[in-house]
Amino acid sequence: MISNWNSEHAWTYEIDPILEALFRYIDSLSLPETPYVTGRPPVSKKSLLKCFFLKTYFSIDSLRKLVRILQRFRCFQRACGLGEVPHLSTFSRAAKWFREQGFPVFHAQLLKDLEVRYPQIVLIDSTALRSSLYDSQAKWGVSTRYHWFKGYKLHLCTTAEGIILSHVLTTANRNDAAVAPELLVSLKQWDIEFVLGDAAYDSEKVRQTAEQSGILFISPINRRNSEERKDAYCKLAHYFRIPFSNYFRRIRK
């Protein structure tokens with residue numbers, strides 16, 4: 001089954017302009033490369049990044065399987081700029097580097113190329129990412145889409161057009177409101193007027209963090225909160241509850 005699946009996708013890549021355009025953009029990036037001293041020359045980070053995008057594009061569920069596919073199909077090796085397929089440990093080290101250092105560099109250049117400068121409205125939300133039941137690092141959590149699921153959550157702040165400004169990856173058991181302050185603090189570099197979130201972000205700590213960053217945070221009232229809200233924010237949020245909900249639903253589409 002793996003052989004048939006790979007053959008089908010290998011042919012798909014040959015005629016797919018999306019990966020070709022993406023790889024051209026990666027070639028234009030300025031990523032710090034490891035200087036060659038002695039021994040085997042280091043693998044280009046651009047080539048490794050292409051491999052990771054290849055893994056995501058074809059939903060390859062492990063680095064080990066990615067290595068096998070690259071070894072089997074030389075067209076993928078050529079597309080990623082590889083003379084030979086790196087060892088699994090090389091991909092593991094590269095994945096750690098991109099998580100900790102590489103993606104912030106990549107993200108900053110992407111925002112610059114997209115000419116994202118002064119987004120006045122920012123949306124905050126999270127999406128559930130299911131994992132294998134055998135993933136020892138994943139946790140159980142609740143989402144509106146999957147209900148109970150094991151995996152992770154990707155928490156995002158985006159522009160109204162869907163461009164990601166900041167993100168945090170957590171296990172599925174982390175509450176949205178608990179992660180929101182970290183996202184809001186990272187928005188200080190932008191001249192943002194207000195942030196829109198759903199009822200999951202109805203938290204005093206979230207509003208205080210936003211206020212300290214000079215941001216007006218707006219969300220519907222979460223009726224599941226045990227303490228009844230009687231402050232000015234409650235009255236304002238209740239007044240705009242229906243128009244805001246309709247606007248938030250429309251802008252997320």
# chains A, B, ... in the order shown; residues from 1 in each chain; ligands from 1
call {"tool": "residues_around", "arguments": {"residues": "Ser28 (chain A)", "least_positions_apart": "6", "cutoff": "12 Å", "atoms": "only C-alpha atoms", "output": "list in words"}}
result
Ala21, Leu22, Lys46, Phe106, Gln109, Leu110 and Asp113 of chain A
call {"tool": "write_last_selection", "arguments": {"atoms": "all heavy atoms", "output": "PDB file, in the first residue's frame"}}
result
ATOM      1  N   ALA A  21       6.322  26.521  -6.773  1.00  0.00           N
ATOM      2  CA  ALA A  21       6.339  27.932  -6.380  1.00  0.00           C
ATOM      3  C   ALA A  21       6.852  28.092  -4.953  1.00  0.00           C
ATOM      4  O   ALA A  21       7.611  29.020  -4.648  1.00  0.00           O
ATOM      5  CB  ALA A  21       4.937  28.524  -6.514  1.00  0.00           C
ATOM      6  N   LEU A  22       6.450  27.186  -4.063  1.00  0.00           N
ATOM      7  CA  LEU A  22       6.895  27.243  -2.678  1.00  0.00           C
ATOM      8  C   LEU A  22       8.400  27.040  -2.578  1.00  0.00           C
ATOM      9  O   LEU A  22       9.093  27.756  -1.846  1.00  0.00           O
ATOM     10  CB  LEU A  22       6.165  26.187  -1.854  1.00  0.00           C
ATOM     11  CG  LEU A  22       6.547  26.081  -0.375  1.00  0.00           C
ATOM     12  CD1 LEU A  22       6.290  27.393   0.346  1.00  0.00           C
ATOM     13  CD2 LEU A  22       5.785  24.947   0.290  1.00  0.00           C
ATOM     14  N   LYS A  46      17.968  25.078   3.538  1.00  0.00           N
ATOM     15  CA  LYS A  46      16.897  25.270   2.563  1.00  0.00           C
ATOM     16  C   LYS A  46      16.406  23.927   2.038  1.00  0.00           C
ATOM     17  O   LYS A  46      15.203  23.724   1.858  1.00  0.00           O
ATOM     18  CB  LYS A  46      17.387  26.151   1.409  1.00  0.00           C
ATOM     19  CG  LYS A  46      17.673  27.591   1.800  1.00  0.00           C
ATOM     20  CD  LYS A  46      18.099  28.413   0.601  1.00  0.00           C
ATOM     21  CE  LYS A  46      18.392  29.855   1.002  1.00  0.00           C
ATOM     22  NZ  LYS A  46      18.806  30.682  -0.158  1.00  0.00           N
ATOM     23  N   PHE A 106      12.260  32.637   9.388  1.00  0.00           N
ATOM     24  CA  PHE A 106      11.430  32.435   8.196  1.00  0.00           C
ATOM     25  C   PHE A 106      10.155  33.269   8.275  1.00  0.00           C
ATOM     26  O   PHE A 106       9.750  33.917   7.306  1.00  0.00           O
ATOM     27  CB  PHE A 106      11.099  30.944   8.076  1.00  0.00           C
ATOM     28  CG  PHE A 106      10.105  30.616   7.000  1.00  0.00           C
ATOM     29  CD1 PHE A 106      10.445  30.718   5.665  1.00  0.00           C
ATOM     30  CD2 PHE A 106       8.826  30.195   7.321  1.00  0.00           C
ATOM     31  CE1 PHE A 106       9.529  30.412   4.669  1.00  0.00           C
ATOM     32  CE2 PHE A 106       7.905  29.889   6.339  1.00  0.00           C
ATOM     33  CZ  PHE A 106       8.262  29.996   5.002  1.00  0.00           C
ATOM     34  N   GLN A 109      10.788  37.103   7.749  1.00  0.00           N
ATOM     35  CA  GLN A 109      11.009  37.464   6.352  1.00  0.00           C
ATOM     36  C   GLN A 109       9.722  37.350   5.547  1.00  0.00           C
ATOM     37  O   GLN A 109       9.464  38.157   4.653  1.00  0.00           O
ATOM     38  CB  GLN A 109      12.089  36.575   5.734  1.00  0.00           C
ATOM     39  CG  GLN A 109      12.428  36.977   4.298  1.00  0.00           C
ATOM     40  CD  GLN A 109      13.705  36.340   3.799  1.00  0.00           C
ATOM     41  OE1 GLN A 109      14.531  35.872   4.584  1.00  0.00           O
ATOM     42  NE2 GLN A 109      13.880  36.311   2.485  1.00  0.00           N
ATOM     43  N   LEU A 110       8.893  36.364   5.887  1.00  0.00           N
ATOM     44  CA  LEU A 110       7.621  36.209   5.185  1.00  0.00           C
ATOM     45  C   LEU A 110       6.722  37.420   5.414  1.00  0.00           C
ATOM     46  O   LEU A 110       6.108  37.937   4.476  1.00  0.00           O
ATOM     47  CB  LEU A 110       6.920  34.934   5.655  1.00  0.00           C
ATOM     48  CG  LEU A 110       5.561  34.628   5.018  1.00  0.00           C
ATOM     49  CD1 LEU A 110       5.702  34.450   3.513  1.00  0.00           C
ATOM     50  CD2 LEU A 110       4.938  33.387   5.643  1.00  0.00           C
ATOM     51  N   ASP A 113       8.047  40.233   3.332  1.00  0.00           N
ATOM     52  CA  ASP A 113       7.739  40.070   1.909  1.00  0.00           C
ATOM     53  C   ASP A 113       6.266  40.337   1.619  1.00  0.00           C
ATOM     54  O   ASP A 113       5.915  40.813   0.537  1.00  0.00           O
ATOM     55  CB  ASP A 113       8.106  38.658   1.447  1.00  0.00           C
ATOM     56  CG  ASP A 113       9.611  38.416   1.474  1.00  0.00           C
ATOM     57  OD1 ASP A 113      10.364  39.410   1.490  1.00  0.00           O
ATOM     58  OD2 ASP A 113      10.028  37.246   1.502  1.00  0.00           O
TER      59      ASP A 113
END
call {"tool": "residues_around", "arguments": {"residues": "region 143-148 of chain A", "least_positions_apart": "2", "cutoff": "9 Å", "atoms": "only C-alpha atoms", "output": "JSON, numbers by chain"}}
result
{"A": [127, 128, 130, 140, 141, 150, 172]}
call {"tool": "select_by_dssp", "arguments": {"residues": "region 70-218 of chain A", "states": "helix (DSSP H, G or I)", "output": "VMD selection string"}}
result
chain A and resid 70 to 72 74 to 80 88 to 113 176 to 185 199 to 201 204 to 212
call {"tool": "residues_around", "arguments": {"residues": "Leu123 (chain A)", "least_positions_apart": "5", "cutoff": "10 Å", "atoms": "only C-alpha atoms", "output": "VMD selection string"}}
result
chain A and resid 156 to 165 194 to 198 217 to 218 248 251 to 252
call {"tool": "residues_around", "arguments": {"residues": "Val105 (chain A)", "least_positions_apart": "6", "cutoff": "10 Å", "atoms": "only C-alpha atoms", "output": "list in words"}}
result
Leu29, Ser30, Leu31, Pro32 and Phe98 of chain A
call {"tool": "closest_residue", "arguments": {"among": "A:Glu193, A:Asp61, A:Glu204, A:Glu100", "to": "Leu169 (chain A)", "atoms": "only C-alpha atoms"}}
result
A:Glu100
call {"tool": "residues_around", "arguments": {"residues": "Pro181 (chain A)", "least_positions_apart": "5", "cutoff": "9 Å", "atoms": "only C-alpha atoms", "output": "mmCIF file with all heavy atoms, in the first residue's frame"}}
result
data_model
loop_
_atom_site.group_PDB
_atom_site.id
_atom_site.type_symbol
_atom_site.label_atom_id
_atom_site.label_comp_id
_atom_site.auth_asym_id
_atom_site.auth_seq_id
_atom_site.Cartn_x
_atom_site.Cartn_y
_atom_site.Cartn_z
ATOM 1 N N SER A 186 3.371 39.109 22.528
ATOM 2 C CA SER A 186 4.196 39.075 21.319
ATOM 3 C C SER A 186 3.713 40.050 20.251
ATOM 4 O O SER A 186 4.386 40.239 19.236
ATOM 5 C CB SER A 186 4.205 37.657 20.738
ATOM 6 O OG SER A 186 2.916 37.287 20.267
ATOM 7 N N LYS A 205 -7.612 38.153 33.147
ATOM 8 C CA LYS A 205 -6.171 38.176 32.910
ATOM 9 C C LYS A 205 -5.859 38.495 31.453
ATOM 10 O O LYS A 205 -4.908 39.225 31.154
ATOM 11 C CB LYS A 205 -5.551 36.831 33.291
ATOM 12 C CG LYS A 205 -4.039 36.810 33.147
ATOM 13 C CD LYS A 205 -3.448 35.485 33.596
ATOM 14 C CE LYS A 205 -1.930 35.493 33.450
ATOM 15 N NZ LYS A 205 -1.336 34.192 33.877
ATOM 16 N N VAL A 206 -6.658 37.969 30.542
ATOM 17 C CA VAL A 206 -6.460 38.254 29.120
ATOM 18 C C VAL A 206 -6.659 39.739 28.849
ATOM 19 O O VAL A 206 -5.864 40.379 28.153
ATOM 20 C CB VAL A 206 -7.422 37.410 28.258
ATOM 21 C CG1 VAL A 206 -7.330 37.824 26.791
ATOM 22 C CG2 VAL A 206 -7.108 35.926 28.400
ATOM 23 N N ARG A 207 -7.709 40.313 29.417
ATOM 24 C CA ARG A 207 -7.979 41.740 29.199
ATOM 25 C C ARG A 207 -6.899 42.618 29.826
ATOM 26 O O ARG A 207 -6.511 43.638 29.256
ATOM 27 C CB ARG A 207 -9.364 42.095 29.746
ATOM 28 C CG ARG A 207 -10.503 41.601 28.864
ATOM 29 C CD ARG A 207 -11.838 42.127 29.359
ATOM 30 N NE ARG A 207 -12.204 41.504 30.628
ATOM 31 C CZ ARG A 207 -12.797 40.316 30.727
ATOM 32 N NH1 ARG A 207 -13.077 39.626 29.634
ATOM 33 N NH2 ARG A 207 -13.117 39.817 31.907
ATOM 34 N N GLN A 208 -6.406 42.224 30.994
ATOM 35 C CA GLN A 208 -5.350 43.004 31.635
ATOM 36 C C GLN A 208 -4.063 42.968 30.822
ATOM 37 O O GLN A 208 -3.391 43.996 30.655
ATOM 38 C CB GLN A 208 -5.100 42.468 33.041
ATOM 39 C CG GLN A 208 -6.211 42.772 34.032
ATOM 40 C CD GLN A 208 -5.954 42.165 35.397
ATOM 41 O OE1 GLN A 208 -4.986 41.419 35.593
ATOM 42 N NE2 GLN A 208 -6.819 42.476 36.356
ATOM 43 N N THR A 209 -3.718 41.788 30.299
ATOM 44 C CA THR A 209 -2.513 41.672 29.473
ATOM 45 C C THR A 209 -2.642 42.514 28.211
ATOM 46 O O THR A 209 -1.693 43.185 27.797
ATOM 47 C CB THR A 209 -2.264 40.201 29.090
ATOM 48 O OG1 THR A 209 -2.175 39.410 30.275
ATOM 49 C CG2 THR A 209 -0.984 40.062 28.287
ATOM 50 N N ALA A 210 -3.821 42.479 27.601
ATOM 51 C CA ALA A 210 -4.048 43.283 26.399
ATOM 52 C C ALA A 210 -3.940 44.769 26.712
ATOM 53 O O ALA A 210 -3.330 45.537 25.956
ATOM 54 C CB ALA A 210 -5.418 42.958 25.817
#
call {"tool": "residues_around", "arguments": {"residues": "Asp202 (chain A)", "least_positions_apart": "2", "cutoff": "8 Å", "atoms": "only C-alpha atoms", "output": "list in words"}}
result
Ala177, Asp198, Ala199, Ala200, Glu204, Val206, Ser219, Pro220, Ile221 and Asn222 of chain A
call {"tool": "write_last_selection", "arguments": {"atoms": "all heavy atoms", "output": "mmCIF file, in the first residue's frame"}}
result
data_model
loop_
_atom_site.group_PDB
_atom_site.id
_atom_site.type_symbol
_atom_site.label_atom_id
_atom_site.label_comp_id
_atom_site.auth_asym_id
_atom_site.auth_seq_id
_atom_site.Cartn_x
_atom_site.Cartn_y
_atom_site.Cartn_z
ATOM 1 N N ALA A 177 -7.658 30.564 27.106
ATOM 2 C CA ALA A 177 -7.452 31.807 27.854
ATOM 3 C C ALA A 177 -6.113 31.810 28.586
ATOM 4 O O ALA A 177 -5.525 32.872 28.811
ATOM 5 C CB ALA A 177 -8.593 32.016 28.840
ATOM 6 N N ASP A 198 -13.181 34.661 20.672
ATOM 7 C CA ASP A 198 -14.492 34.116 21.004
ATOM 8 C C ASP A 198 -14.641 34.012 22.521
ATOM 9 O O ASP A 198 -13.784 34.468 23.287
ATOM 10 C CB ASP A 198 -14.722 32.769 20.312
ATOM 11 C CG ASP A 198 -13.660 31.736 20.667
ATOM 12 O OD1 ASP A 198 -13.072 31.842 21.763
ATOM 13 O OD2 ASP A 198 -13.420 30.832 19.851
ATOM 14 N N ALA A 199 -15.728 33.392 22.969
ATOM 15 C CA ALA A 199 -16.047 33.369 24.398
ATOM 16 C C ALA A 199 -15.030 32.603 25.232
ATOM 17 O O ALA A 199 -14.963 32.786 26.447
ATOM 18 C CB ALA A 199 -17.441 32.762 24.597
ATOM 19 N N ALA A 200 -14.230 31.759 24.604
ATOM 20 C CA ALA A 200 -13.217 31.010 25.354
ATOM 21 C C ALA A 200 -12.160 31.933 25.952
ATOM 22 O O ALA A 200 -11.443 31.543 26.880
ATOM 23 C CB ALA A 200 -12.555 29.979 24.445
ATOM 24 N N GLU A 204 -10.355 37.879 32.779
ATOM 25 C CA GLU A 204 -9.834 39.150 33.269
ATOM 26 C C GLU A 204 -8.332 39.264 33.017
ATOM 27 O O GLU A 204 -7.823 40.334 32.681
ATOM 28 C CB GLU A 204 -10.127 39.285 34.761
ATOM 29 C CG GLU A 204 -9.761 40.644 35.342
ATOM 30 C CD GLU A 204 -10.568 41.771 34.715
ATOM 31 O OE1 GLU A 204 -11.720 41.523 34.294
ATOM 32 O OE2 GLU A 204 -10.033 42.893 34.638
ATOM 33 N N VAL A 206 -6.658 37.969 30.542
ATOM 34 C CA VAL A 206 -6.460 38.254 29.120
ATOM 35 C C VAL A 206 -6.659 39.739 28.849
ATOM 36 O O VAL A 206 -5.864 40.379 28.153
ATOM 37 C CB VAL A 206 -7.422 37.410 28.258
ATOM 38 C CG1 VAL A 206 -7.330 37.824 26.791
ATOM 39 C CG2 VAL A 206 -7.108 35.926 28.400
ATOM 40 N N SER A 219 -14.337 40.231 23.431
ATOM 41 C CA SER A 219 -14.838 38.867 23.257
ATOM 42 C C SER A 219 -16.240 38.783 23.830
ATOM 43 O O SER A 219 -16.601 39.565 24.721
ATOM 44 C CB SER A 219 -13.929 37.852 23.963
ATOM 45 O OG SER A 219 -14.070 37.963 25.365
ATOM 46 N N PRO A 220 -17.051 37.850 23.356
ATOM 47 C CA PRO A 220 -18.367 37.643 23.971
ATOM 48 C C PRO A 220 -18.214 37.139 25.404
ATOM 49 O O PRO A 220 -17.160 36.635 25.785
ATOM 50 C CB PRO A 220 -19.015 36.568 23.080
ATOM 51 C CG PRO A 220 -18.208 36.548 21.830
ATOM 52 C CD PRO A 220 -16.829 36.960 22.211
ATOM 53 N N ILE A 221 -19.262 37.267 26.183
ATOM 54 C CA ILE A 221 -19.233 36.799 27.564
ATOM 55 C C ILE A 221 -19.368 35.279 27.589
ATOM 56 O O ILE A 221 -20.207 34.708 26.897
ATOM 57 C CB ILE A 221 -20.372 37.435 28.376
ATOM 58 C CG1 ILE A 221 -20.190 38.957 28.409
ATOM 59 C CG2 ILE A 221 -20.427 36.873 29.782
ATOM 60 C CD1 ILE A 221 -21.362 39.683 29.010
ATOM 61 N N ASN A 222 -18.522 34.646 28.367
ATOM 62 C CA ASN A 222 -18.603 33.197 28.542
ATOM 63 C C ASN A 222 -19.579 32.902 29.679
ATOM 64 O O ASN A 222 -19.277 33.137 30.846
ATOM 65 C CB ASN A 222 -17.218 32.627 28.861
ATOM 66 C CG ASN A 222 -17.197 31.110 28.819
ATOM 67 O OD1 ASN A 222 -18.237 30.460 28.895
ATOM 68 N ND2 ASN A 222 -16.010 30.541 28.698
#
call {"tool": "atom_distance", "arguments": {"atom1": "CA of Val116 (chain A)", "atom2": "CA of Glu20 (chain A)"}}
result
24.1 Å
call {"tool": "select_by_dssp", "arguments": {"residues": "region 28-226 of chain A", "states": "strand (DSSP E)", "output": "PyMOL selection string"}}
result
chain A and resi 121-130+139-143+147-159+164-171+194-196+216-218
call {"tool": "atom_distance", "arguments": {"atom1": "CA of Cys80 (chain A)", "atom2": "CA of Arg64 (chain A)"}}
result
16.8 Å
call {"tool": "residues_around", "arguments": {"residues": "Trp190 (chain A)", "least_positions_apart": "3", "cutoff": "9 Å", "atoms": "only C-alpha atoms", "output": "ChimeraX atom specification"}}
result
/A:117-120,186-187
call {"tool": "closest_residue", "arguments": {"among": "A:Leu19, A:Val179, A:Leu63, A:Ile69", "to": "Arg93 (chain A)", "atoms": "only C-alpha atoms"}}
result
A:Leu63
call {"tool": "decode", "arguments": {"residues": "region 199-219 of chain A", "atoms": "N, CA, C and O atoms", "output": "PDB file, in the first residue's frame"}}
result
ATOM      1  N   ALA A 199     -15.728  33.392  22.969  1.00  0.00           N
ATOM      2  CA  ALA A 199     -16.047  33.369  24.398  1.00  0.00           C
ATOM      3  C   ALA A 199     -15.030  32.603  25.232  1.00  0.00           C
ATOM      4  O   ALA A 199     -14.963  32.786  26.447  1.00  0.00           O
ATOM      5  N   ALA A 200     -14.230  31.759  24.604  1.00  0.00           N
ATOM      6  CA  ALA A 200     -13.217  31.010  25.354  1.00  0.00           C
ATOM      7  C   ALA A 200     -12.160  31.933  25.952  1.00  0.00           C
ATOM      8  O   ALA A 200     -11.443  31.543  26.880  1.00  0.00           O
ATOM      9  N   TYR A 201     -12.062  33.160  25.435  1.00  0.00           N
ATOM     10  CA  TYR A 201     -11.047  34.109  25.902  1.00  0.00           C
ATOM     11  C   TYR A 201     -11.617  35.142  26.870  1.00  0.00           C
ATOM     12  O   TYR A 201     -10.957  36.138  27.166  1.00  0.00           O
ATOM     13  N   ASP A 202     -12.827  34.919  27.347  1.00  0.00           N
ATOM     14  CA  ASP A 202     -13.434  35.837  28.307  1.00  0.00           C
ATOM     15  C   ASP A 202     -12.763  35.642  29.662  1.00  0.00           C
ATOM     16  O   ASP A 202     -13.193  34.840  30.489  1.00  0.00           O
ATOM     17  N   SER A 203     -11.686  36.382  29.874  1.00  0.00           N
ATOM     18  CA  SER A 203     -10.887  36.240  31.089  1.00  0.00           C
ATOM     19  C   SER A 203     -10.328  37.598  31.486  1.00  0.00           C
ATOM     20  O   SER A 203      -9.880  38.373  30.635  1.00  0.00           O
ATOM     21  N   GLU A 204     -10.355  37.879  32.779  1.00  0.00           N
ATOM     22  CA  GLU A 204      -9.834  39.150  33.269  1.00  0.00           C
ATOM     23  C   GLU A 204      -8.332  39.264  33.017  1.00  0.00           C
ATOM     24  O   GLU A 204      -7.823  40.334  32.681  1.00  0.00           O
ATOM     25  N   LYS A 205      -7.612  38.153  33.147  1.00  0.00           N
ATOM     26  CA  LYS A 205      -6.171  38.176  32.910  1.00  0.00           C
ATOM     27  C   LYS A 205      -5.859  38.495  31.453  1.00  0.00           C
ATOM     28  O   LYS A 205      -4.908  39.225  31.154  1.00  0.00           O
ATOM     29  N   VAL A 206      -6.658  37.969  30.542  1.00  0.00           N
ATOM     30  CA  VAL A 206      -6.460  38.254  29.120  1.00  0.00           C
ATOM     31  C   VAL A 206      -6.659  39.739  28.849  1.00  0.00           C
ATOM     32  O   VAL A 206      -5.864  40.379  28.153  1.00  0.00           O
ATOM     33  N   ARG A 207      -7.709  40.313  29.417  1.00  0.00           N
ATOM     34  CA  ARG A 207      -7.979  41.740  29.199  1.00  0.00           C
ATOM     35  C   ARG A 207      -6.899  42.618  29.826  1.00  0.00           C
ATOM     36  O   ARG A 207      -6.511  43.638  29.256  1.00  0.00           O
ATOM     37  N   GLN A 208      -6.406  42.224  30.994  1.00  0.00           N
ATOM     38  CA  GLN A 208      -5.350  43.004  31.635  1.00  0.00           C
ATOM     39  C   GLN A 208      -4.063  42.968  30.822  1.00  0.00           C
ATOM     40  O   GLN A 208      -3.391  43.996  30.655  1.00  0.00           O
ATOM     41  N   THR A 209      -3.718  41.788  30.299  1.00  0.00           N
ATOM     42  CA  THR A 209      -2.513  41.672  29.473  1.00  0.00           C
ATOM     43  C   THR A 209      -2.642  42.514  28.211  1.00  0.00           C
ATOM     44  O   THR A 209      -1.693  43.185  27.797  1.00  0.00           O
ATOM     45  N   ALA A 210      -3.821  42.479  27.601  1.00  0.00           N
ATOM     46  CA  ALA A 210      -4.048  43.283  26.399  1.00  0.00           C
ATOM     47  C   ALA A 210      -3.940  44.769  26.712  1.00  0.00           C
ATOM     48  O   ALA A 210      -3.330  45.537  25.956  1.00  0.00           O
ATOM     49  N   GLU A 211      -4.499  45.181  27.837  1.00  0.00           N
ATOM     50  CA  GLU A 211      -4.451  46.593  28.222  1.00  0.00           C
ATOM     51  C   GLU A 211      -3.015  47.049  28.464  1.00  0.00           C
ATOM     52  O   GLU A 211      -2.629  48.159  28.082  1.00  0.00           O
ATOM     53  N   GLN A 212      -2.205  46.198  29.080  1.00  0.00           N
ATOM     54  CA  GLN A 212      -0.801  46.534  29.318  1.00  0.00           C
ATOM     55  C   GLN A 212      -0.022  46.668  28.015  1.00  0.00           C
ATOM     56  O   GLN A 212       0.988  47.375  27.959  1.00  0.00           O
ATOM     57  N   SER A 213      -0.494  45.986  26.971  1.00  0.00           N
ATOM     58  CA  SER A 213       0.144  46.078  25.657  1.00  0.00           C
ATOM     59  C   SER A 213      -0.479  47.162  24.794  1.00  0.00           C
ATOM     60  O   SER A 213      -0.139  47.284  23.612  1.00  0.00           O
ATOM     61  N   GLY A 214      -1.413  47.926  25.367  1.00  0.00           N
ATOM     62  CA  GLY A 214      -2.062  48.996  24.616  1.00  0.00           C
ATOM     63  C   GLY A 214      -3.075  48.506  23.612  1.00  0.00           C
ATOM     64  O   GLY A 214      -3.316  49.161  22.593  1.00  0.00           O
ATOM     65  N   ILE A 215      -3.691  47.359  23.893  1.00  0.00           N
ATOM     66  CA  ILE A 215      -4.642  46.743  22.968  1.00  0.00           C
ATOM     67  C   ILE A 215      -6.001  46.634  23.644  1.00  0.00           C
ATOM     68  O   ILE A 215      -6.098  46.276  24.817  1.00  0.00           O
ATOM     69  N   LEU A 216      -7.053  46.938  22.899  1.00  0.00           N
ATOM     70  CA  LEU A 216      -8.413  46.712  23.385  1.00  0.00           C
ATOM     71  C   LEU A 216      -8.822  45.298  22.994  1.00  0.00           C
ATOM     72  O   LEU A 216      -8.845  44.962  21.811  1.00  0.00           O
ATOM     73  N   PHE A 217      -9.114  44.476  23.999  1.00  0.00           N
ATOM     74  CA  PHE A 217      -9.506  43.089  23.732  1.00  0.00           C
ATOM     75  C   PHE A 217     -11.015  42.957  23.856  1.00  0.00           C
ATOM     76  O   PHE A 217     -11.608  43.388  24.845  1.00  0.00           O
ATOM     77  N   ILE A 218     -11.645  42.351  22.851  1.00  0.00           N
ATOM     78  CA  ILE A 218     -13.099  42.204  22.819  1.00  0.00           C
ATOM     79  C   ILE A 218     -13.450  40.739  22.597  1.00  0.00           C
ATOM     80  O   ILE A 218     -12.920  40.093  21.690  1.00  0.00           O
ATOM     81  N   SER A 219     -14.337  40.231  23.431  1.00  0.00           N
ATOM     82  CA  SER A 219     -14.838  38.867  23.257  1.00  0.00           C
ATOM     83  C   SER A 219     -16.240  38.783  23.830  1.00  0.00           C
ATOM     84  O   SER A 219     -16.601  39.565  24.721  1.00  0.00           O
TER      85      SER A 219
END
